[in-house]
Every structure is written in C-alpha cells, then in structure tokens.
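Heads up, target_29.txt below (compact mmCIF, C-alpha atoms (C1' of nucleotides)):
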# COMPACT_ATOMS: atom_id res chain seq x y z
CA MET V 1038 48.37 -21.66 41.65
CA THR V 1039 52.09 -22.20 41.61
CA ILE V 1040 53.95 -23.91 38.77
CA THR V 1041 57.36 -25.47 39.26
CA GLU V 1042 59.36 -27.76 37.01
CA ARG V 1043 59.75 -31.27 38.30
CA ALA V 1044 63.18 -32.88 38.16
CA GLY V 1045 62.97 -35.53 35.48
CA GLY V 1046 60.13 -33.87 33.60
CA GLY V 1047 56.64 -32.61 34.16
CA LEU V 1048 55.22 -29.59 35.90
CA ILE V 1049 54.06 -29.49 39.48
CA LEU V 1050 50.93 -27.43 39.98
CA GLY V 1051 50.58 -26.39 43.62
CA GLY V 1052 48.29 -24.34 45.81
CA LEU V 1053 45.20 -25.81 44.17
CA PRO V 1054 41.71 -26.00 45.59
CA CYS V 1055 40.68 -29.58 46.40
CA ILE V 1056 41.00 -31.84 43.36
CA ASP V 1057 41.13 -35.64 43.04
CA ILE V 1058 42.31 -36.58 39.57
CA ALA V 1059 41.25 -40.24 39.82
CA LYS V 1060 37.66 -39.30 40.60
CA THR V 1061 37.55 -36.32 38.28
CA PHE V 1062 38.58 -38.30 35.22
CA ASP V 1063 36.69 -41.47 36.05
CA CYS V 1064 33.30 -40.16 37.13
CA GLY V 1065 31.59 -40.46 33.77
CA GLN V 1066 31.92 -36.89 32.54
CA CYS V 1067 34.72 -37.56 30.04
CA PHE V 1068 35.51 -40.52 27.81
CA ARG V 1069 39.05 -39.96 26.53
CA PHE V 1070 40.99 -40.25 29.81
CA ASP V 1071 41.92 -43.54 31.40
CA PRO V 1072 43.81 -44.61 34.51
CA ILE V 1073 47.37 -45.81 33.92
CA ASP V 1074 49.78 -47.50 36.30
CA PRO V 1075 51.13 -44.78 38.60
CA PRO V 1076 54.93 -44.44 38.65
CA ASP V 1077 56.77 -44.88 41.94
CA GLY V 1078 55.76 -42.32 44.53
CA TYR V 1079 52.32 -41.67 43.08
CA ALA V 1080 48.94 -43.11 43.97
CA ALA V 1081 46.98 -42.09 40.89
CA ALA V 1082 47.71 -41.44 37.24
CA VAL V 1083 45.45 -40.71 34.29
CA ARG V 1084 46.26 -40.09 30.65
CA GLY V 1085 44.17 -38.78 27.81
CA VAL V 1086 43.77 -36.31 24.99
CA PHE V 1087 42.52 -32.78 25.44
CA ASP V 1088 42.82 -29.92 22.96
CA GLY V 1089 45.01 -31.98 20.65
CA ARG V 1090 47.52 -32.79 23.38
CA LEU V 1091 48.25 -36.01 25.20
CA LEU V 1092 48.12 -35.00 28.86
CA THR V 1093 49.19 -37.11 31.82
CA PHE V 1094 48.19 -36.21 35.36
CA LEU V 1095 49.81 -37.69 38.47
CA GLN V 1096 48.88 -37.29 42.09
CA GLU V 1097 50.42 -38.50 45.33
CA GLU V 1098 48.61 -40.44 48.01
CA GLY V 1099 46.40 -38.26 50.18
CA VAL V 1100 47.29 -35.08 48.31
CA THR V 1101 44.47 -32.90 46.98
CA ASP V 1102 46.12 -29.47 46.63
CA SER V 1103 48.71 -30.30 43.99
CA LEU V 1104 49.26 -32.48 40.95
CA THR V 1105 51.87 -33.16 38.30
CA VAL V 1106 51.14 -32.73 34.61
CA TYR V 1107 53.01 -33.86 31.49
CA GLY V 1108 52.30 -32.86 27.93
CA CYS V 1109 52.25 -29.09 28.06
CA ASP V 1110 54.51 -26.15 28.92
CA ALA V 1111 54.12 -23.75 31.85
CA GLY V 1112 52.40 -21.09 29.77
CA TYR V 1113 49.74 -23.52 28.66
CA ALA V 1114 49.34 -24.88 32.17
CA GLU V 1115 48.88 -21.39 33.53
CA ARG V 1116 46.47 -20.25 30.85
CA VAL V 1117 44.36 -23.31 30.05
CA LEU V 1118 44.44 -25.92 32.79
CA PRO V 1119 42.64 -23.94 35.52
CA VAL V 1120 39.72 -23.56 33.14
CA PHE V 1121 39.79 -27.15 31.87
CA LEU V 1122 40.03 -28.53 35.40
CA GLY V 1123 37.34 -26.24 36.76
CA LEU V 1124 39.64 -24.79 39.41
CA ASP V 1125 37.86 -21.43 39.17
CA PHE V 1126 34.84 -22.66 41.09
CA ASP V 1127 34.06 -22.65 44.81
CA TYR V 1128 32.82 -26.12 45.68
CA ASP V 1129 32.43 -25.35 49.37
CA ALA V 1130 30.07 -22.50 48.62
CA ALA V 1131 28.21 -24.66 46.09
CA ALA V 1132 27.84 -27.45 48.66
CA ALA V 1133 26.41 -25.06 51.23
CA ASP V 1134 23.91 -23.76 48.69
CA ILE V 1135 22.93 -27.27 47.57
CA PHE V 1136 22.43 -28.47 51.13
CA ALA V 1137 20.30 -25.45 52.03
CA ASN V 1138 18.11 -25.88 48.95
CA VAL V 1139 17.46 -29.59 49.28
CA ASP V 1140 16.89 -29.34 53.03
CA ALA V 1141 14.30 -26.63 52.42
CA ALA V 1142 12.61 -28.68 49.69
CA LEU V 1143 12.46 -31.73 51.97
CA GLY V 1144 11.70 -30.02 55.25
CA TYR V 1145 14.47 -31.94 57.00
CA GLU V 1146 18.24 -32.34 56.83
CA ASP V 1147 19.20 -34.54 53.89
CA GLY V 1148 21.83 -37.16 54.71
CA THR V 1149 21.95 -38.55 51.18
CA ILE V 1150 23.36 -35.43 49.55
CA ARG V 1151 25.85 -34.93 52.38
CA ARG V 1152 27.18 -38.47 52.12
CA SER V 1153 27.33 -38.12 48.33
CA ALA V 1154 29.24 -34.84 48.57
CA GLU V 1155 31.69 -36.53 50.92
CA ALA V 1156 32.12 -39.50 48.56
CA GLY V 1157 32.56 -37.18 45.59
CA CYS V 1158 34.96 -34.83 47.37
CA GLY V 1159 37.62 -33.71 44.90
CA ILE V 1160 35.51 -34.23 41.79
CA ARG V 1161 35.88 -31.22 39.51
CA ILE V 1162 33.39 -30.61 36.73
CA LEU V 1163 35.63 -30.23 33.69
CA ARG V 1164 35.21 -27.65 30.94
CA GLN V 1165 35.62 -29.83 27.91
CA ASP V 1166 35.47 -28.91 24.26
CA PRO V 1167 31.81 -28.34 23.26
CA TRP V 1168 32.11 -30.08 19.90
CA GLU V 1169 33.76 -33.17 21.35
CA THR V 1170 31.25 -33.23 24.21
CA LEU V 1171 28.33 -32.89 21.81
CA ILE V 1172 29.41 -35.89 19.75
CA SER V 1173 30.46 -37.92 22.78
CA PHE V 1174 27.11 -37.63 24.49
CA ILE V 1175 25.18 -38.28 21.28
CA ILE V 1176 27.09 -41.56 21.25
CA SER V 1177 26.24 -42.13 24.92
CA ALA V 1178 22.53 -42.55 24.18
CA ASN V 1179 21.27 -46.00 25.17
CA ASN V 1180 24.87 -47.16 25.43
CA ASN V 1181 27.36 -48.19 28.11
CA ILE V 1182 30.53 -46.42 29.13
CA PRO V 1183 33.13 -48.99 27.95
CA ARG V 1184 31.53 -49.12 24.52
CA ILE V 1185 31.12 -45.34 24.36
CA LYS V 1186 34.86 -45.06 24.97
CA LYS V 1187 35.66 -47.62 22.31
CA ILE V 1188 33.50 -45.91 19.68
CA ILE V 1189 35.07 -42.53 20.43
CA ARG V 1190 38.54 -44.09 20.27
CA ASP V 1191 37.74 -45.62 16.88
CA LEU V 1192 36.23 -42.33 15.69
CA CYS V 1193 39.41 -40.45 16.57
CA ALA V 1194 41.68 -43.07 15.00
CA ALA V 1195 39.65 -43.02 11.78
CA TYR V 1196 38.98 -39.31 11.36
CA GLY V 1197 41.26 -37.44 13.81
CA GLU V 1198 44.86 -36.35 13.34
CA PRO V 1199 47.78 -38.21 14.91
CA ILE V 1200 49.41 -36.25 17.72
CA TYR V 1201 52.70 -36.38 19.57
CA THR V 1202 52.42 -39.11 22.21
CA ASP V 1203 55.79 -39.60 23.84
CA ALA V 1204 55.72 -36.59 26.09
CA ASP V 1205 55.80 -38.16 29.54
CA GLY V 1206 58.14 -41.13 29.19
CA ILE V 1207 56.28 -42.98 31.93
CA PRO V 1208 56.73 -46.69 31.36
CA GLY V 1209 54.03 -49.31 31.57
CA ASN V 1210 50.72 -49.95 29.99
CA ASN V 1211 47.45 -48.27 30.65
CA ALA V 1212 44.33 -49.89 32.05
CA ARG V 1213 43.20 -51.09 28.65
CA GLY V 1214 46.47 -52.87 28.04
CA ASP V 1215 47.50 -50.52 25.26
CA ALA V 1216 51.17 -49.65 25.16
CA ASN V 1217 51.70 -46.01 26.00
CA THR V 1218 53.53 -45.63 22.74
CA ALA V 1219 50.36 -46.43 20.78
CA PRO V 1220 49.45 -43.52 18.55
CA ALA V 1221 46.96 -41.03 19.89
CA TYR V 1222 44.67 -38.88 17.84
CA SER V 1223 42.98 -35.54 18.11
CA PHE V 1224 39.21 -35.43 18.15
CA PRO V 1225 37.94 -35.20 14.56
CA ALA V 1226 36.92 -31.78 13.28
CA PRO V 1227 33.30 -31.21 12.26
CA GLU V 1228 34.38 -31.13 8.61
CA ALA V 1229 36.01 -34.55 8.94
CA LEU V 1230 32.88 -36.16 10.34
CA ARG V 1231 30.69 -34.50 7.75
CA ALA V 1232 32.99 -35.84 5.06
CA ALA V 1233 32.81 -39.30 6.61
CA GLY V 1234 29.09 -39.41 5.87
CA ILE V 1235 26.49 -41.56 7.55
CA GLY V 1236 28.00 -44.68 6.02
CA GLY V 1237 31.48 -43.94 7.30
CA LEU V 1238 30.13 -43.25 10.77
CA ALA V 1239 27.95 -46.35 10.81
CA ALA V 1240 31.01 -48.43 9.91
CA LEU V 1241 32.34 -47.60 13.40
CA LYS V 1242 29.38 -49.43 14.98
CA THR V 1243 27.66 -46.23 16.00
CA GLY V 1244 24.36 -47.82 14.99
CA PHE V 1245 21.31 -45.58 14.92
CA ARG V 1246 23.47 -42.71 16.18
CA ALA V 1247 25.34 -42.35 12.87
CA LYS V 1248 22.68 -40.08 11.39
CA TYR V 1249 22.70 -37.98 14.57
CA ILE V 1250 26.46 -37.47 14.48
CA TYR V 1251 26.19 -36.55 10.82
CA ASP V 1252 23.42 -34.04 11.53
CA ALA V 1253 25.53 -32.44 14.27
CA ALA V 1254 28.50 -32.14 11.91
CA CYS V 1255 26.38 -30.58 9.17
CA ARG V 1256 24.81 -28.05 11.52
CA VAL V 1257 28.14 -26.99 12.97
CA CYS V 1258 29.83 -26.82 9.57
CA GLY V 1259 26.93 -24.87 8.11
CA GLY V 1260 26.93 -22.38 10.97
CA GLU V 1261 23.35 -23.18 11.99
CA LEU V 1262 24.74 -24.17 15.36
CA ASP V 1263 27.54 -21.89 16.61
CA LEU V 1264 29.06 -23.67 19.60
CA GLU V 1265 31.25 -20.71 20.53
CA ALA V 1266 28.45 -18.17 20.41
CA ALA V 1267 26.30 -20.57 22.41
CA ALA V 1268 28.56 -19.88 25.38
CA GLY V 1269 26.89 -16.48 25.68
CA LEU V 1270 23.37 -17.85 25.95
CA PRO V 1271 21.47 -18.30 29.21
CA THR V 1272 21.18 -21.96 30.13
CA HIS V 1273 17.63 -22.60 28.91
CA GLU V 1274 18.46 -21.08 25.52
CA LEU V 1275 21.70 -23.02 25.37
CA LEU V 1276 19.76 -26.25 25.98
CA SER V 1277 17.29 -25.34 23.23
CA ALA V 1278 20.08 -24.57 20.78
CA LEU V 1279 21.77 -27.89 21.50
CA GLN V 1280 18.49 -29.78 21.15
CA SER V 1281 18.11 -28.47 17.61
CA VAL V 1282 20.52 -31.28 16.71
CA LYS V 1283 18.85 -34.60 15.95
CA GLY V 1284 19.56 -37.14 18.66
CA VAL V 1285 20.10 -34.46 21.29
CA GLY V 1286 17.34 -34.44 23.88
CA PRO V 1287 17.11 -32.99 27.39
CA LYS V 1288 19.60 -35.37 29.00
CA VAL V 1289 22.33 -35.10 26.37
CA ALA V 1290 21.92 -31.33 26.13
CA SER V 1291 22.23 -31.04 29.90
CA CYS V 1292 25.43 -33.08 29.87
CA ILE V 1293 26.94 -30.77 27.25
CA ALA V 1294 25.84 -27.68 29.17
CA LEU V 1295 27.36 -29.03 32.38
CA PHE V 1296 30.53 -30.76 31.17
CA ALA V 1297 31.54 -28.36 28.39
CA TYR V 1298 30.00 -24.99 29.24
CA GLY V 1299 30.29 -25.21 33.01
CA ARG V 1300 26.58 -24.66 33.55
CA THR V 1301 26.23 -26.01 37.05
CA ASP V 1302 22.49 -25.33 36.95
CA ALA V 1303 22.06 -28.05 34.29
CA PHE V 1304 20.83 -31.32 35.81
CA PRO V 1305 21.17 -34.33 33.49
CA VAL V 1306 18.61 -37.00 34.37
CA ASP V 1307 19.73 -40.47 33.31
CA VAL V 1308 18.77 -43.95 34.49
CA TRP V 1309 21.13 -43.70 37.46
CA ILE V 1310 19.76 -40.39 38.66
CA LYS V 1311 16.20 -41.64 38.23
CA ARG V 1312 17.24 -44.56 40.40
CA VAL V 1313 18.75 -42.27 43.05
CA LEU V 1314 15.72 -39.99 43.15
CA ALA V 1315 13.33 -42.93 43.45
CA LYS V 1316 15.48 -44.65 46.08
CA TYR V 1317 16.32 -41.77 48.43
CA TYR V 1318 13.87 -38.94 47.76
CA PRO V 1319 10.12 -38.30 47.83
CA GLU V 1320 8.17 -37.85 44.61
CA HIS V 1321 8.24 -34.06 44.43
CA ILE V 1322 12.03 -33.73 44.51
CA CYS V 1323 13.59 -32.87 41.15
CA GLY V 1324 16.70 -31.15 39.79
CA ALA V 1325 15.46 -27.69 40.70
CA SER V 1326 15.17 -28.82 44.33
CA PHE V 1327 18.98 -28.77 44.54
CA GLY V 1328 19.24 -25.11 43.55
CA CYS V 1329 21.33 -23.22 41.02
CA HIS V 1330 24.25 -25.67 41.30
CA ALA V 1331 22.13 -28.80 40.91
CA GLY V 1332 24.57 -30.15 38.33
CA ILE V 1333 27.22 -30.50 41.03
CA ALA V 1334 24.74 -32.38 43.21
CA GLN V 1335 23.89 -34.56 40.25
CA GLN V 1336 27.51 -35.55 39.78
CA TRP V 1337 27.98 -36.38 43.46
CA LEU V 1338 24.79 -38.47 43.51
CA PHE V 1339 25.76 -40.22 40.27
CA TYR V 1340 29.28 -40.96 41.46
CA ARG V 1341 28.23 -42.44 44.79
CA GLU V 1342 25.42 -44.55 43.38
CA ARG V 1343 27.33 -45.86 40.41
CA TYR V 1344 30.90 -46.23 41.67
CA ILE V 1345 30.43 -46.68 45.42
CA ASN V 1346 27.04 -48.28 45.99
CA GLY V 1347 26.73 -49.87 42.55
CA GLY V 1348 30.30 -51.08 42.52
CA GLU V 1349 30.30 -52.04 38.87
CA LYS V 1350 32.29 -51.05 35.87
C1' DA E 1076 17.04 -65.99 24.93
C1' DG E 1077 16.32 -61.87 26.94
C1' DC E 1078 17.64 -57.66 29.22
C1' DC E 1079 20.35 -53.67 29.85
C1' DA E 1080 23.38 -49.76 28.62
C1' DG E 1081 24.68 -41.84 31.27
C1' DG E 1082 18.21 -41.61 25.35
C1' DA E 1083 15.74 -39.74 21.62
C1' DC E 1084 12.14 -39.98 18.34
C1' DA E 1085 7.76 -41.01 16.21
C1' DA E 1086 3.39 -42.70 16.64
C1' DG E 1087 -0.26 -43.69 19.38
C1' DT E 1088 -3.55 -42.44 23.19
C1' DA M 342 0.79 -33.65 27.84
C1' DC M 343 1.95 -38.61 28.84
C1' DT M 344 2.96 -43.65 27.30
C1' DT M 345 4.92 -47.18 24.21
C1' DG M 346 7.74 -49.43 20.56
C1' DT M 347 11.85 -48.82 17.94
C1' DC M 348 16.33 -47.80 16.97
C1' DA M 349 22.19 -50.86 16.36
C1' DT M 350 25.41 -53.03 18.99
C1' DG M 351 27.71 -55.84 22.42
C1' DG M 352 28.19 -57.85 27.09
C1' DC M 353 26.36 -60.74 30.43
What is this file in structure tokens?
Amino acid sequence: MTITERAGGGLILGGLPCIDIAKTFDCGQCFRFDPIDPPDGYAAAVRGVFDGRLLTFLQEEGVTDSLTVYGCDAGYAERVLPVFLGLDFDYDAAAADIFANVDAALGYEDGTIRRSAEAGCGIRILRQDPWETLISFIISANNNIPRIKKIIRDLCAAYGEPIYTDADGIPGNNARGDANTAPAYSFPAPEALRAAGIGGLAALKTGFRAKYIYDAACRVCGGELDLEAAAGLPTHELLSALQSVKGVGPKVASCIALFAYGRTDAFPVDVWIKRVLAKYYPEHICGASFGCHAGIAQQWLFYRERYINGGEK
DNA sequence: AGCCAGGACAAGT
DNA sequence: ACTTGTCATGGC
C-alpha cells in the first residue's frame, strides 16, 4: 500500500487489492456509514464514524485499487486502515475455495455463487469494533436497516461523545439530508450504556431490545465477557461466549464473529439467506457446504439477493 | 388492518 | 430436538 498526500487535503491510498467502497459500506455489515454526494471527479463517497473518528472515503469511477481518505493522518492510515478495511485477506483464494466446496457439495458447478461473487466483487468484510458490533446487531433483531441506523444514531447522540467533524471540508449534504456540519458522536462506552439503564435505553425506541443492550453492557463492564480476550478463542467458543449475552443468538453472534473478528468461517443465517438457500439450493446445502470461508459466500449471496435481485432499500 | 423487518426467548409438544 | 407465540416499533 502506498500513501500520498492529495493536493487540497486527504490521503490517497494506492496499490490496494480490489475494494469497492460503495458496496463495502452499503452491504449491510455496518450501520454508521452512509453515502454522501461525491465531489467532482469521484463516483462514490461514504462518510461515517469509526474508532472515534469521522472518516470519509472517496473513490473514482472504475477504480478498485486506490481510494482517498479524510479524517486521519498517514500513520493512522498505515497502521489501522488495512485491518479495518480487511485488506489483509486474499479474496481470490477464498473464492476458489468456496467454489470448490459448494461444487463438491452439489455435485455440479454452481452458477449462483459465481454470479453472486461477481456481483459482490470489491466487497471487503470489515473488522469493526466488537463492542459496537455487539450492540448494533442486538438492535438488528427483528428490525429493518433504516430503523437500525436511526436507533444507533440516537444512541450515539444520547450517550456517545461529540467528535471533531469538519475534517474533510467536502460540501453538500449526505443521503439522509443531514448537513455535513451536523455533530457526530463516538459510539457509547459500555459504562455509558450501563449507566443509561433499561429505561434510558428504552426511551430511544429500542423496544424489547433495551434489556438485552443493558445485559451486554453489564457483562462487559463486569468483565464476565472480555471482548478483547475473545479474539483468541476458536470460532465455536467465540460464538458461545457471545451468546452468553441475552438477546444474542446464533445469527447475531455469527454477525459479530464475521464483521468484528474477521471470522470468515462464521455464516449468519437471516431471512434473506434462508430465502437464497430455499430459492437456489437443494435441501442439504447449509453454511458448512461453502467451506471455511462461508462467511464471504454469505455476504456475496446476501448482497446480490437483497440489493441486486431484491432491489429495495 | 395486517404483515414484515439481517431474531431470540420461553413455553409448549 | 423441533414448533409456536411473544416481544416494541415503524413503514407500507
């Protein structure tokens, strides 16, 4: 990866493996990034908060091996962004392994996974903060993505810390119509959500999930769930540890394992994936049929069914 | 009015 | 070990 300063601000990251920022940040794995109007010369732009920073990513039309980032210095970009963006992962090798596994399980060459991989080309599984991912996917239960985003936004505004937001100077409003000068907030610390109490969390329209969020905060604060130490566990033990939190079942735990801990063997099964499996695959096909990187396959299948075939918001 | 939304849980077979 | 009703809330 090369890092060069861009005239007029920002850093240009070059020599990257294939990445599409529009797909990566709008494929359902994260909830705090949104598309904004791209400035002249760019085809895609997303802005959101990660690690207490407001980051803006730009990408030019047809370019997949470089991007421009605002909101951090070169040292941070060098040290943190390759991990956050999942650049340290060989998607070509994963695709070959996935194809071989599903073909073997089916007994014929699977066109569905190949078309999905093509549609999802450039999607990178992010490595998000485990605590934020835990709470975000607790909120996702029996919920829809626009409302999940709104609840998380309200949660951050109520219990997070305000952060510096004028780092990119890119004019225009984002997709929600919010001015880009609107204050942004860090994700609330476990202590802040524990202090909020079930009542304070329910006031944000979290509904039946309020007690689950509170339980997660208490367990993390009390040390019963150590999210950093959990990184050292094998995937099945990681899933068990996560499911010790009330409101965290197999699907939510798998999302945390995949989207925060980079466990590409985790295969979250939601209503969309159930739909895909029923629609394109015989009865005996399951997550394990896609091999040790089934989570990547899951994201490709999800993306194509929901954003290409489904065509809804 | 009724159903659905990136589910999980408790109670009932 | 499986199936069913329930849980808040908002959009359609």
Kindly determine which residues of chain M lie within 7 Å of chain V, considering all atoms listed in the file, and give the answer as a PyMOL selection string.
chain M and resi 348-350
Restricting the output to C-alpha atoms (C1' of nucleotides), write the selected residues as a tab-separated table (two decimals), keeping the file's coordinate frame.
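What follows is the written file again-v7.tsv:
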chain	number	residue	atom	x	y	z
M	348	DC	C1'	16.33	-47.80	16.97
M	349	DA	C1'	22.19	-50.86	16.36
M	350	DT	C1'	25.41	-53.03	18.99
Spatial neighbours of Glu1146 (chain V), max dist 10 Å, all atoms listed in the file, sep filter under 6 positions, as a PyMOL selection string:
chain V and resi 1136-1137+1139-1140
What does the file look like for those residues with C-alpha atoms, as an mmCIF file, in the coordinates of the input?
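Heads up, here's the output in again21.cif:
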data_model
loop_
_atom_site.group_PDB
_atom_site.id
_atom_site.type_symbol
_atom_site.label_atom_id
_atom_site.label_comp_id
_atom_site.auth_asym_id
_atom_site.auth_seq_id
_atom_site.Cartn_x
_atom_site.Cartn_y
_atom_site.Cartn_z
ATOM 1 C CA PHE V 1136 22.430 -28.470 51.130
ATOM 2 C CA ALA V 1137 20.300 -25.450 52.030
ATOM 3 C CA VAL V 1139 17.460 -29.590 49.280
ATOM 4 C CA ASP V 1140 16.890 -29.340 53.030
#
Leaving out region 1081-1087 of chain E and any residue of its chain fewer than 6 positions from it, which residues lie within 7 Å of it when counting only C-alpha atoms (C1' of nucleotides), given as a list in words?
Ser1177, Ala1178, Asn1179, Gly1284, Val1285, Gly1286 and Asp1307 of chain V
Excluding region 1324-1327 of chain V and its own-chain neighbours fewer than 2 positions away, which residues fall within 9 Å of it when counting all atoms listed in the file? Please give them as a ChimeraX atom specification.
/V:1134-1143,1302-1306,1321-1322,1329-1332,1334-1335
Min atom-atom distance to chain E from the set V:Asp1263, V:Ala1221, V:Tyr1317, V:Ile1175, counting all atoms listed in the file, belongs to V:Ile1175
